[in-house]
Amino acid sequence: MIQKFAAKLLRSIPLTADTYQLDFAWASEPVPYEAGHFFLLEVEDGGDKVTRAYSISSAPSEKEFFSLCLKFLPGGRASEYLKNMEIGQEVHFQGPFGHFKLTDSKKDILMVATGTGIAPFIGMVPTLLEQGFKKKISLYFGVRFEEDLFYLAQFKTWEKKNSKFKSFVTVSRPTEKWKGLSGRVTEHLEPLDIKDCEVYICGNGDMVKTVKEMMEAKGAQKPDLHFELFTSI
Ligand SMILES: Cc1cc2nc3c(=O)[nH]c(=O)nc-3n(C[C@H](O)[C@H](O)[C@H](O)COP(=O)(O)OP(=O)(O)OC[C@H]3O[C@@H](n4cnc5c(N)ncnc54)[C@H](O)[C@@H]3O)c2cc1C
């Protein structure tokens, strides 16, 4: 059920120079949500009400708080507000919203994200592992520079916990020090066989459009093709 609620900033964890995990404590009763859902944040800016969508990056099994994973855009109205929030400060949300959710399907899962598009998957993967999901989960995560990478230790922990989970991290403009995959995420998706696979794509509009078209060309279709676009709404 969609609710209006308040939450207090519990902590702000830097992930990169401009990307932060913000954990919020519920000001009253926790609001039930599913992995992949988003909340609408409402802030006042110069007398205007500014509303922005943010995917929830915590697993619903976490009852004490919920997390968001945000890139602070210089001059962005919500970004500037959130960046300057004090610990304990209250902010208003609505939600949960969205159709970018796990299903009961027992197929392999392919997750594709760039940048903060990783947010919903940070809630989905532990949810699947908690449920004892038996099929393969492959997470492809692309960023431009090595310094844009985050949550890599989290991926390693999940890989150790469950051999069915595997992450593929790629940097499109790496330095010579980078030993991992390089190039755009799409290059690494090209050879994949996605038959009997559920596909989830999340990130900026261009990447989502390109990967969606690539997956459709490989035969993916509704209800096995899920995507979330981080456009301004
Ligand atoms: C369903 C959904 C879920 C989302 N989840 C997340 C999330 O988990 N984490 C997250 O960081 N964002 C997420 N977004 C994007 C978020 O809602 C805001 O659009 C973003 O934070 C910018 O808001 P702002 O008020 O700071 O900037 P604005 O004041 O709206 O814009 C500032 C400037 O930045 C440009 N801009 C706007 N969005 C982007 C962008 N994504 N990349 C580069 N430039 C941009 C604008 O064109 C403008 O020039 C999500 C969007 C949707 C629709």
# chains A, B, ... in the order shown; residues from 1 in each chain; ligands from 1
>>> select_by_dssp(residues="range 28-214 of chain A", states="strand (DSSP E)", output="PyMOL selection string")
chain A and resi 38-45+48-55+65-71+90-97+108-114+137-143+165-171+181-182+197-203
>>> write_last_selection(atoms="C-alpha atoms", output="mmCIF file, in the first residue's frame")
data_model
loop_
_atom_site.group_PDB
_atom_site.id
_atom_site.type_symbol
_atom_site.label_atom_id
_atom_site.label_comp_id
_atom_site.auth_asym_id
_atom_site.auth_seq_id
_atom_site.Cartn_x
_atom_site.Cartn_y
_atom_site.Cartn_z
ATOM 1 C CA PHE A 38 11.381 2.863 -5.249
ATOM 2 C CA PHE A 39 10.307 5.646 -2.905
ATOM 3 C CA LEU A 40 9.477 9.223 -3.891
ATOM 4 C CA LEU A 41 11.427 11.745 -1.849
ATOM 5 C CA GLU A 42 9.738 15.097 -1.217
ATOM 6 C CA VAL A 43 11.852 18.103 -0.294
ATOM 7 C CA GLU A 44 11.279 21.861 -0.146
ATOM 8 C CA ASP A 45 13.614 23.919 -2.313
ATOM 9 C CA ASP A 48 8.928 24.676 -4.336
ATOM 10 C CA LYS A 49 8.118 21.080 -3.563
ATOM 11 C CA VAL A 50 10.704 18.871 -5.309
ATOM 12 C CA THR A 51 9.818 15.197 -5.802
ATOM 13 C CA ARG A 52 12.416 12.633 -6.916
ATOM 14 C CA ALA A 53 12.350 8.842 -7.267
ATOM 15 C CA TYR A 54 15.024 6.692 -5.582
ATOM 16 C CA SER A 55 15.322 2.919 -5.786
ATOM 17 C CA PHE A 65 16.267 1.081 8.346
ATOM 18 C CA PHE A 66 16.117 1.365 4.549
ATOM 19 C CA SER A 67 18.908 2.454 2.225
ATOM 20 C CA LEU A 68 19.212 4.542 -0.916
ATOM 21 C CA CYS A 69 22.240 4.725 -3.179
ATOM 22 C CA LEU A 70 22.628 8.188 -4.645
ATOM 23 C CA LYS A 71 24.817 10.015 -7.050
ATOM 24 C CA GLU A 90 13.782 14.140 9.042
ATOM 25 C CA VAL A 91 12.682 13.937 5.416
ATOM 26 C CA HIS A 92 9.416 12.929 3.759
ATOM 27 C CA PHE A 93 8.770 10.080 1.359
ATOM 28 C CA GLN A 94 5.892 8.368 -0.430
ATOM 29 C CA GLY A 95 5.744 4.808 -1.596
ATOM 30 C CA PRO A 96 6.558 2.134 -2.306
ATOM 31 C CA PHE A 97 6.173 2.279 -6.111
ATOM 32 C CA ASP A 108 18.347 -18.036 -14.229
ATOM 33 C CA ILE A 109 18.571 -14.301 -13.555
ATOM 34 C CA LEU A 110 20.665 -11.797 -15.489
ATOM 35 C CA MET A 111 21.050 -8.367 -13.859
ATOM 36 C CA VAL A 112 22.569 -5.441 -15.753
ATOM 37 C CA ALA A 113 23.415 -2.079 -14.166
ATOM 38 C CA THR A 114 25.517 0.994 -14.739
ATOM 39 C CA ILE A 137 22.313 -15.071 -10.726
ATOM 40 C CA SER A 138 24.703 -13.116 -12.980
ATOM 41 C CA LEU A 139 25.227 -9.449 -12.185
ATOM 42 C CA TYR A 140 26.878 -7.234 -14.830
ATOM 43 C CA PHE A 141 27.958 -3.854 -13.461
ATOM 44 C CA GLY A 142 29.552 -1.195 -15.656
ATOM 45 C CA VAL A 143 31.170 2.127 -14.780
ATOM 46 C CA PHE A 165 25.919 -15.808 -7.728
ATOM 47 C CA LYS A 166 28.567 -14.266 -9.946
ATOM 48 C CA SER A 167 29.438 -10.625 -10.593
ATOM 49 C CA PHE A 168 31.026 -9.246 -13.777
ATOM 50 C CA VAL A 169 32.419 -5.773 -13.249
ATOM 51 C CA THR A 170 33.586 -3.781 -16.251
ATOM 52 C CA VAL A 171 35.285 -0.393 -16.597
ATOM 53 C CA LEU A 181 36.989 -6.645 -17.479
ATOM 54 C CA SER A 182 37.118 -3.549 -19.628
ATOM 55 C CA CYS A 197 16.649 -16.400 -18.341
ATOM 56 C CA GLU A 198 14.923 -13.524 -16.613
ATOM 57 C CA VAL A 199 16.587 -10.204 -17.433
ATOM 58 C CA TYR A 200 16.642 -7.092 -15.219
ATOM 59 C CA ILE A 201 18.197 -3.844 -16.525
ATOM 60 C CA CYS A 202 18.635 -0.650 -14.503
ATOM 61 C CA GLY A 203 20.469 2.625 -15.069
#
>>> residues_around(residues="Ala17 in chain A", least_positions_apart="6", cutoff="10 Å", atoms="only C-alpha atoms", output="NGL selection string")
:A and (71-72 or 147-148)
>>> atom_distance(atom1="CA of Leu129 in chain A", atom2="CA of Ser57 in chain A")
15.2 Å
>>> atom_distance(atom1="CA of Phe150 in chain A", atom2="CA of Lys135 in chain A")
25.2 Å
>>> closest_residue(among="A:Gly205, A:Ser12, A:Asp193, A:Phe5", to="Glu86 in chain A", atoms="only C-alpha atoms")
A:Ser12
